[in-house]
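Since the structure comes first, as structure tokens, the remarks are kept for the end.
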Amino acid sequence: MSAEDVAQLVLRERQSRDRGWYEGMAACFAEDSVVEMSWSSGSGAGFVQATRDMAGRGDLAVHRLSPPTVRIDQDRALVELPLVIERRIDVDGVEADIASACRSQYRAQYGADGVWRIVRITSIYEKDFLTPARPNTRLDIDPQVLAAYRPSYRCLAWDLNRKGYQVGDDHLGDDRPEAVQAQYRDEMTWLHESHTPACATGSRKDRSV
């Protein structure tokens with residue numbers, strides 16, 4: 001039950017999503033998993049299907065990943081994965097790029113079958129950018145329209161909502177630090193709360209990479 005195994009699970013889920021390997025992506029999730037992101041809230045299986053549907057509509061994204069931090073306590077693991085979501089979009093005929101910085105928190109559990117699986121993903125949004133993709137072009141967007149969105153995921157929410165997705169105003173973001181700190185406390189409580197490991201011997205360990 002190594003931290004490297006957990007890190008590879010999280011990275012494999014992101015790679016599978018970006019490459020359209022949906023069977024492999026689905027295999028990363030436990031049956032009772034939950035995913036909370038800006039545009040999707042529900043089960044892990046539902047998130048995989050929603051991702052497939054999104055790609056089918058041509059709404060594609062890639063994720064630029066930074067090294068994950070992994071903490072393990074018996075059969076539970078908590079991962080924080082910093083990343084940037086990158087999307088090429090069209091704004092009234094002008095090519096543009098959205099880059100949305102966030103950090104995703106993964107809960108993973110070691111099963112009786114000897115396999116780590118994701119049981120929860122929660123995203124914390126930091127900030128985003130919207131820029132023209134080509135030199136000497138200009139985006140004409142009403143500032144008042146963008147001002148209606150929260151700064152931690154303003155451009156992402158604006159673009160997804162105009163395409164028919166439902167992105168609410170209540171997601172975790174660094175512009176609401178108290179809610180973010182409460183999230184961290186909840187994650188650490190889950191990691192260390194009393195539980196029976198599926199396969200562990202000896203003393204409790206908390207390891208990080």
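In the structure tokens, the first chain shown is A, the next is B, and so on; residue numbers restart at 1 for each chain, and ligands run from 1 in the order shown.
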Mind running stretch 116-202 of chain A against stretch 21-41 of chain A at 10 Å and telling me each contacting residue's nearest atom pair with the distance in Å (one decimal), counting only C-alpha atoms, chain and number ascending, as a tab-separated table?
```
residue	atom	partner	partner_atom	distance
A:Trp116	CA	A:Cys28	CA	8.0
A:Arg117	CA	A:Phe29	CA	5.2
A:Ile118	CA	A:Phe29	CA	4.6
A:Val119	CA	A:Ser33	CA	4.1
A:Arg120	CA	A:Val34	CA	4.7
A:Ile121	CA	A:Val35	CA	4.8
A:Thr122	CA	A:Glu36	CA	4.9
A:Ser123	CA	A:Met37	CA	5.6
A:Ile124	CA	A:Met37	CA	8.4
A:Tyr125	CA	A:Ser38	CA	8.8
A:Tyr153	CA	A:Ser38	CA	8.5
A:Leu156	CA	A:Ser38	CA	8.6
A:Ala157	CA	A:Ser38	CA	7.6
A:Leu160	CA	A:Trp39	CA	7.6
A:Asn161	CA	A:Trp39	CA	8.8
A:Tyr165	CA	A:Trp39	CA	6.4
A:Gln166	CA	A:Trp39	CA	6.0
A:Val167	CA	A:Trp39	CA	5.1
A:Gly168	CA	A:Ser38	CA	7.2
A:Asp169	CA	A:Ser38	CA	9.0
A:Asp170	CA	A:Ser38	CA	9.0
A:His171	CA	A:Ser38	CA	6.5
A:Leu172	CA	A:Ser38	CA	8.9
```
For this session: Give the alpha helix (DSSP H) residues of stretch 58-190 of chain A, as assigned by DSSP on the backbone, as a ChimeraX atom specification.
Result: /A:143-147,154-162,177-190
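From atom CA of A:Arg64 back to atom CA of A:Glu86, the distance works out to 7.6 Å.
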For this session: Figure out the distance between atom CA of A:Glu126 and atom CA of A:Gln8, please, to one decimal in Å.
Result: 24.1 Å
For this session: Quote the spacing between atom CA of A:Arg57 and atom CA of A:Arg14 in Å to one decimal place.
Result: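 The value is 19.4 Å.
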Problem set entry | 9 Å contact set for A:Val79, only C-alpha atoms, chain neighbours under 6 positions out, as number ranges by chain | A: 6-7, 10, 68-72, 104-108
Please, could you write that set of residues out with all heavy atoms as a compact mmCIF listing (two decimals), in the first residue's frame?
```txt
# COMPACT_ATOMS: atom_id res chain seq x y z
N VAL A 6 -0.90 5.11 -4.97
CA VAL A 6 -2.02 6.06 -4.91
C VAL A 6 -1.80 7.20 -5.90
O VAL A 6 -2.72 7.62 -6.60
CB VAL A 6 -2.18 6.60 -3.48
CG1 VAL A 6 -3.34 7.59 -3.42
CG2 VAL A 6 -2.42 5.46 -2.49
N ALA A 7 -0.57 7.72 -5.96
CA ALA A 7 -0.27 8.80 -6.89
C ALA A 7 -0.53 8.36 -8.33
O ALA A 7 -1.10 9.12 -9.13
CB ALA A 7 1.19 9.24 -6.73
N VAL A 10 -4.31 8.39 -9.21
CA VAL A 10 -4.84 9.72 -9.48
C VAL A 10 -4.37 10.22 -10.85
O VAL A 10 -5.15 10.76 -11.64
CB VAL A 10 -4.40 10.68 -8.36
CG1 VAL A 10 -4.67 12.13 -8.74
CG2 VAL A 10 -5.09 10.33 -7.06
N PRO A 68 1.59 15.41 -7.19
CA PRO A 68 0.60 15.26 -6.12
C PRO A 68 1.25 15.05 -4.76
O PRO A 68 2.37 14.54 -4.67
CB PRO A 68 -0.19 14.01 -6.54
CG PRO A 68 0.81 13.19 -7.29
CD PRO A 68 1.70 14.18 -8.01
N THR A 69 0.55 15.45 -3.72
CA THR A 69 0.93 15.13 -2.35
C THR A 69 0.01 14.02 -1.84
O THR A 69 -1.21 14.12 -1.99
CB THR A 69 0.81 16.37 -1.44
OG1 THR A 69 1.67 17.39 -1.92
CG2 THR A 69 1.20 16.03 -0.01
N VAL A 70 0.60 12.99 -1.25
CA VAL A 70 -0.17 11.81 -0.83
C VAL A 70 0.02 11.59 0.66
O VAL A 70 1.15 11.58 1.16
CB VAL A 70 0.28 10.54 -1.59
CG1 VAL A 70 -0.55 9.33 -1.14
CG2 VAL A 70 0.17 10.74 -3.09
N ARG A 71 -1.07 11.40 1.38
CA ARG A 71 -1.04 11.00 2.78
C ARG A 71 -1.83 9.71 2.93
O ARG A 71 -2.94 9.60 2.40
CB ARG A 71 -1.63 12.09 3.68
CG ARG A 71 -0.77 13.34 3.77
CD ARG A 71 -1.40 14.40 4.65
NE ARG A 71 -0.48 15.49 4.93
CZ ARG A 71 -0.26 16.53 4.13
NH1 ARG A 71 -0.93 16.59 2.97
NH2 ARG A 71 0.59 17.48 4.44
N ILE A 72 -1.28 8.76 3.65
CA ILE A 72 -1.92 7.46 3.83
C ILE A 72 -2.09 7.16 5.32
O ILE A 72 -1.16 7.38 6.11
CB ILE A 72 -1.10 6.33 3.17
CG1 ILE A 72 -1.03 6.53 1.66
CG2 ILE A 72 -1.70 4.97 3.49
CD1 ILE A 72 -0.22 5.48 0.93
N SER A 104 -7.28 19.62 -6.98
CA SER A 104 -8.30 18.60 -6.76
C SER A 104 -7.87 17.72 -5.59
O SER A 104 -6.72 17.29 -5.51
CB SER A 104 -8.50 17.75 -8.01
OG SER A 104 -9.16 18.50 -9.01
N GLN A 105 -8.80 17.48 -4.70
CA GLN A 105 -8.55 16.61 -3.56
C GLN A 105 -9.23 15.26 -3.82
O GLN A 105 -10.43 15.20 -4.09
CB GLN A 105 -9.09 17.24 -2.28
CG GLN A 105 -8.33 18.49 -1.88
CD GLN A 105 -8.84 19.08 -0.59
OE1 GLN A 105 -10.04 19.15 -0.35
NE2 GLN A 105 -7.93 19.53 0.25
N TYR A 106 -8.42 14.23 -3.75
CA TYR A 106 -8.89 12.87 -3.98
C TYR A 106 -8.88 12.09 -2.68
O TYR A 106 -7.88 12.08 -1.96
CB TYR A 106 -7.96 12.14 -4.95
CG TYR A 106 -8.04 12.55 -6.40
CD1 TYR A 106 -7.50 13.75 -6.84
CD2 TYR A 106 -8.63 11.71 -7.34
CE1 TYR A 106 -7.54 14.11 -8.17
CE2 TYR A 106 -8.68 12.07 -8.69
CZ TYR A 106 -8.13 13.27 -9.09
OH TYR A 106 -8.17 13.63 -10.40
N ARG A 107 -9.99 11.42 -2.39
CA ARG A 107 -10.00 10.37 -1.37
C ARG A 107 -9.88 9.03 -2.08
O ARG A 107 -10.58 8.79 -3.08
CB ARG A 107 -11.29 10.39 -0.56
CG ARG A 107 -11.50 11.63 0.28
CD ARG A 107 -12.80 11.52 1.07
NE ARG A 107 -13.09 12.74 1.82
CZ ARG A 107 -14.15 12.89 2.61
NH1 ARG A 107 -15.04 11.89 2.72
NH2 ARG A 107 -14.35 14.03 3.26
N ALA A 108 -9.02 8.18 -1.59
CA ALA A 108 -8.87 6.84 -2.16
C ALA A 108 -8.91 5.82 -1.04
O ALA A 108 -8.51 6.10 0.10
CB ALA A 108 -7.56 6.73 -2.94
```
For this session: From the DSSP assignment of the backbone, select every residue of stretch 25-202 of chain A that is strand (DSSP E or B), and format the answer as an NGL selection string.
Result: :A and (29-36 or 41-43 or 62-65 or 69-73 or 76-91 or 94-110 or 116-132 or 173)
Export of prior selection with C-alpha atoms as a short mmCIF file (atom, residue, chain, number, x, y, z; two decimals), in the first residue's frame:
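Ended up saving to selection-v3.cif:
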```cif
data_model
loop_
_atom_site.label_atom_id
_atom_site.label_comp_id
_atom_site.auth_asym_id
_atom_site.auth_seq_id
_atom_site.Cartn_x
_atom_site.Cartn_y
_atom_site.Cartn_z
CA PHE A 29 -13.47 4.75 -9.22
CA ALA A 30 -15.14 2.80 -6.41
CA GLU A 31 -18.79 1.90 -6.90
CA ASP A 32 -19.97 4.38 -4.24
CA SER A 33 -17.65 7.21 -5.32
CA VAL A 34 -18.68 10.89 -5.44
CA VAL A 35 -17.34 13.69 -7.66
CA GLU A 36 -17.86 17.41 -6.95
CA SER A 41 -21.87 16.65 -9.25
CA GLY A 42 -22.73 13.00 -8.64
CA SER A 43 -21.26 9.53 -8.76
CA VAL A 62 -6.53 18.96 -21.12
CA HIS A 63 -5.06 19.03 -17.63
CA ARG A 64 -1.52 20.25 -16.88
CA LEU A 65 -0.58 18.44 -13.70
CA THR A 69 0.93 15.13 -2.35
CA VAL A 70 -0.17 11.81 -0.83
CA ARG A 71 -1.04 11.00 2.78
CA ILE A 72 -1.92 7.46 3.83
CA ASP A 73 -3.51 6.19 7.04
CA ARG A 76 -7.26 5.38 3.32
CA ALA A 77 -5.36 7.94 1.30
CA LEU A 78 -5.78 11.65 0.71
CA VAL A 79 -4.23 13.25 -2.37
CA GLU A 80 -3.98 16.89 -3.38
CA LEU A 81 -3.28 17.37 -7.09
CA PRO A 82 -2.56 20.91 -8.34
CA LEU A 83 -3.54 21.33 -11.98
CA VAL A 84 -4.47 23.76 -14.73
CA ILE A 85 -7.48 23.04 -16.95
CA GLU A 86 -6.82 24.25 -20.49
CA ARG A 87 -9.52 24.67 -23.10
CA ARG A 88 -9.55 26.19 -26.62
CA ILE A 89 -12.88 27.91 -27.23
CA ASP A 90 -14.63 30.20 -29.72
CA VAL A 91 -15.83 33.62 -28.59
CA VAL A 94 -12.39 34.61 -32.18
CA GLU A 95 -10.22 31.73 -30.98
CA ALA A 96 -9.45 31.98 -27.29
CA ASP A 97 -7.80 29.98 -24.53
CA ILE A 98 -9.10 29.43 -21.02
CA ALA A 99 -6.65 28.35 -18.33
CA SER A 100 -8.23 27.54 -14.97
CA ALA A 101 -5.97 26.82 -12.00
CA CYS A 102 -7.31 24.59 -9.25
CA ARG A 103 -6.33 21.82 -6.91
CA SER A 104 -8.30 18.60 -6.76
CA GLN A 105 -8.55 16.61 -3.56
CA TYR A 106 -8.89 12.87 -3.98
CA ARG A 107 -10.00 10.37 -1.37
CA ALA A 108 -8.87 6.84 -2.16
CA GLN A 109 -9.47 3.56 -0.37
CA TYR A 110 -7.64 0.24 -0.44
CA TRP A 116 -6.70 1.36 -4.55
CA ARG A 117 -9.78 3.16 -5.94
CA ILE A 118 -11.03 6.73 -5.83
CA VAL A 119 -13.98 7.30 -3.51
CA ARG A 120 -14.28 11.09 -3.81
CA ILE A 121 -12.95 14.04 -5.82
CA THR A 122 -13.49 17.64 -4.71
CA SER A 123 -12.08 20.59 -6.63
CA ILE A 124 -10.91 23.89 -5.11
CA TYR A 125 -10.69 26.69 -7.65
CA GLU A 126 -7.95 29.35 -7.52
CA LYS A 127 -8.13 31.69 -10.55
CA ASP A 128 -8.49 31.59 -14.31
CA PHE A 129 -7.54 33.46 -17.46
CA LEU A 130 -9.18 34.07 -20.85
CA THR A 131 -6.90 35.27 -23.64
CA PRO A 132 -6.98 35.45 -27.46
CA GLY A 173 -12.60 28.58 -4.21
#
```
